[in-house]
Amino acid sequence: MSETFLPELPQELWRAGRLELAHGVRQFLQIVRVASAGLGQYLAEVESRGAKDLFGYGSTVSWFAEVAGLSWGEARPVVNQAIAVNPTRAVDGTEVPAVAPATGVLAAEGGIGAERIAQILEILGKIPPDTSVEDRE
């Protein structure tokens, strides 16, 4: 696991110049997005292994809601998004590709956040299921 660098806040943030403020916002936003994508990778792995087998919960959403102190309604989109942008594995161990793998890569780099991912997934959901993989990509 790589070391995470958290930018140090100036002692007196109110004295920071506009460029320092803008840079700090960008740094923290990228950290939040990378952390969110990493969480998604863990959730996709829990989904692959089975929340029931791992933790005794009926679903990854139920387990995550409990662990994170979220309602089921708050946890569900986080887990669904994680599964959509990260590969998982079927019961027999074969890889189930992500619906939006390029989106997952961009998210892992901190390039986009949850709302943009949701928009991309919504658009991809409108593509007819009989569309070829080549055209879908």
# chains A, B, ... in the order shown; residues from 1 in each chain; ligands from 1
$ residues_around --residues "region 66-69 of chain A" --least-positions-apart "4" --cutoff "12 Å" --atoms "only C-alpha atoms" --output "short mmCIF file (atom, residue, chain, number, x, y, z; two decimals) with C-alpha atoms, in the first residue's frame"
data_model
loop_
_atom_site.label_atom_id
_atom_site.label_comp_id
_atom_site.auth_asym_id
_atom_site.auth_seq_id
_atom_site.Cartn_x
_atom_site.Cartn_y
_atom_site.Cartn_z
CA LEU A 39 -13.01 2.39 -0.81
CA LEU A 43 -16.27 -2.83 -1.54
CA ALA A 51 -20.56 -10.35 2.58
CA PHE A 55 -19.08 -10.99 7.78
CA GLY A 56 -22.41 -12.80 8.15
CA TYR A 57 -24.46 -10.11 6.38
CA GLY A 58 -26.96 -10.81 3.61
CA SER A 59 -25.46 -8.22 1.30
CA THR A 60 -22.48 -5.93 0.87
CA VAL A 61 -24.85 -2.96 1.15
CA SER A 62 -26.16 -4.12 4.54
CA GLY A 73 -30.33 4.07 1.21
CA GLU A 74 -27.04 5.95 1.65
CA ALA A 75 -24.89 2.83 1.38
CA ARG A 76 -26.58 1.31 -1.68
CA VAL A 78 -21.84 3.75 -2.97
CA VAL A 79 -21.70 -0.04 -3.26
#
$ select_by_dssp --residues "region 79-122 of chain A" --states "alpha helix (DSSP H)" --output "VMD selection string"
chain A and resid 79 to 85 101 to 108 114 to 122
$ atom_distance --atom1 "CA of Phe28 (chain A)" --atom2 "CA of Gln11 (chain A)"
16.6 Å
$ residues_around --residues "Glu137 (chain A)" --least-positions-apart "3" --cutoff "12 Å" --atoms "only C-alpha atoms" --output "list in words"
Ala98, Val99, Ala100, Pro101, Ala102, Thr103, Leu124, Ile127, Thr131, Ser132, Val133 and Glu134 of chain A
$ residues_around --residues "region 81-91 of chain A" --least-positions-apart "5" --cutoff "10 Å" --atoms "only C-alpha atoms" --output "MDAnalysis selection string"
chainID A and resid 36:50 76 96:108 114 117:118 121
$ residues_around --residues "region 21-27 of chain A" --least-positions-apart "5" --cutoff "10 Å" --atoms "only C-alpha atoms" --output "short mmCIF file (atom, residue, chain, number, x, y, z; two decimals) with C-alpha atoms, in the first residue's frame"
data_model
loop_
_atom_site.label_atom_id
_atom_site.label_comp_id
_atom_site.auth_asym_id
_atom_site.auth_seq_id
_atom_site.Cartn_x
_atom_site.Cartn_y
_atom_site.Cartn_z
CA PHE A 5 0.45 12.44 1.60
CA LEU A 6 -1.87 14.87 3.33
CA PRO A 7 -1.07 18.51 2.66
CA GLU A 8 -0.32 20.54 5.73
CA LEU A 9 -2.73 23.35 6.44
CA PRO A 10 -1.12 26.75 6.99
CA LEU A 13 -5.43 29.74 6.82
CA TRP A 14 -7.02 33.18 6.66
CA ARG A 15 -3.62 34.56 5.61
CA ALA A 16 -3.30 32.21 2.64
CA VAL A 32 -10.92 12.62 -1.24
CA GLY A 110 -8.70 11.28 -8.53
#
$ closest_residue --among "A:Asn80, A:Ala65, A:Trp72, A:Gly111" --to "Ile31 (chain A)" --atoms "only C-alpha atoms"
A:Gly111
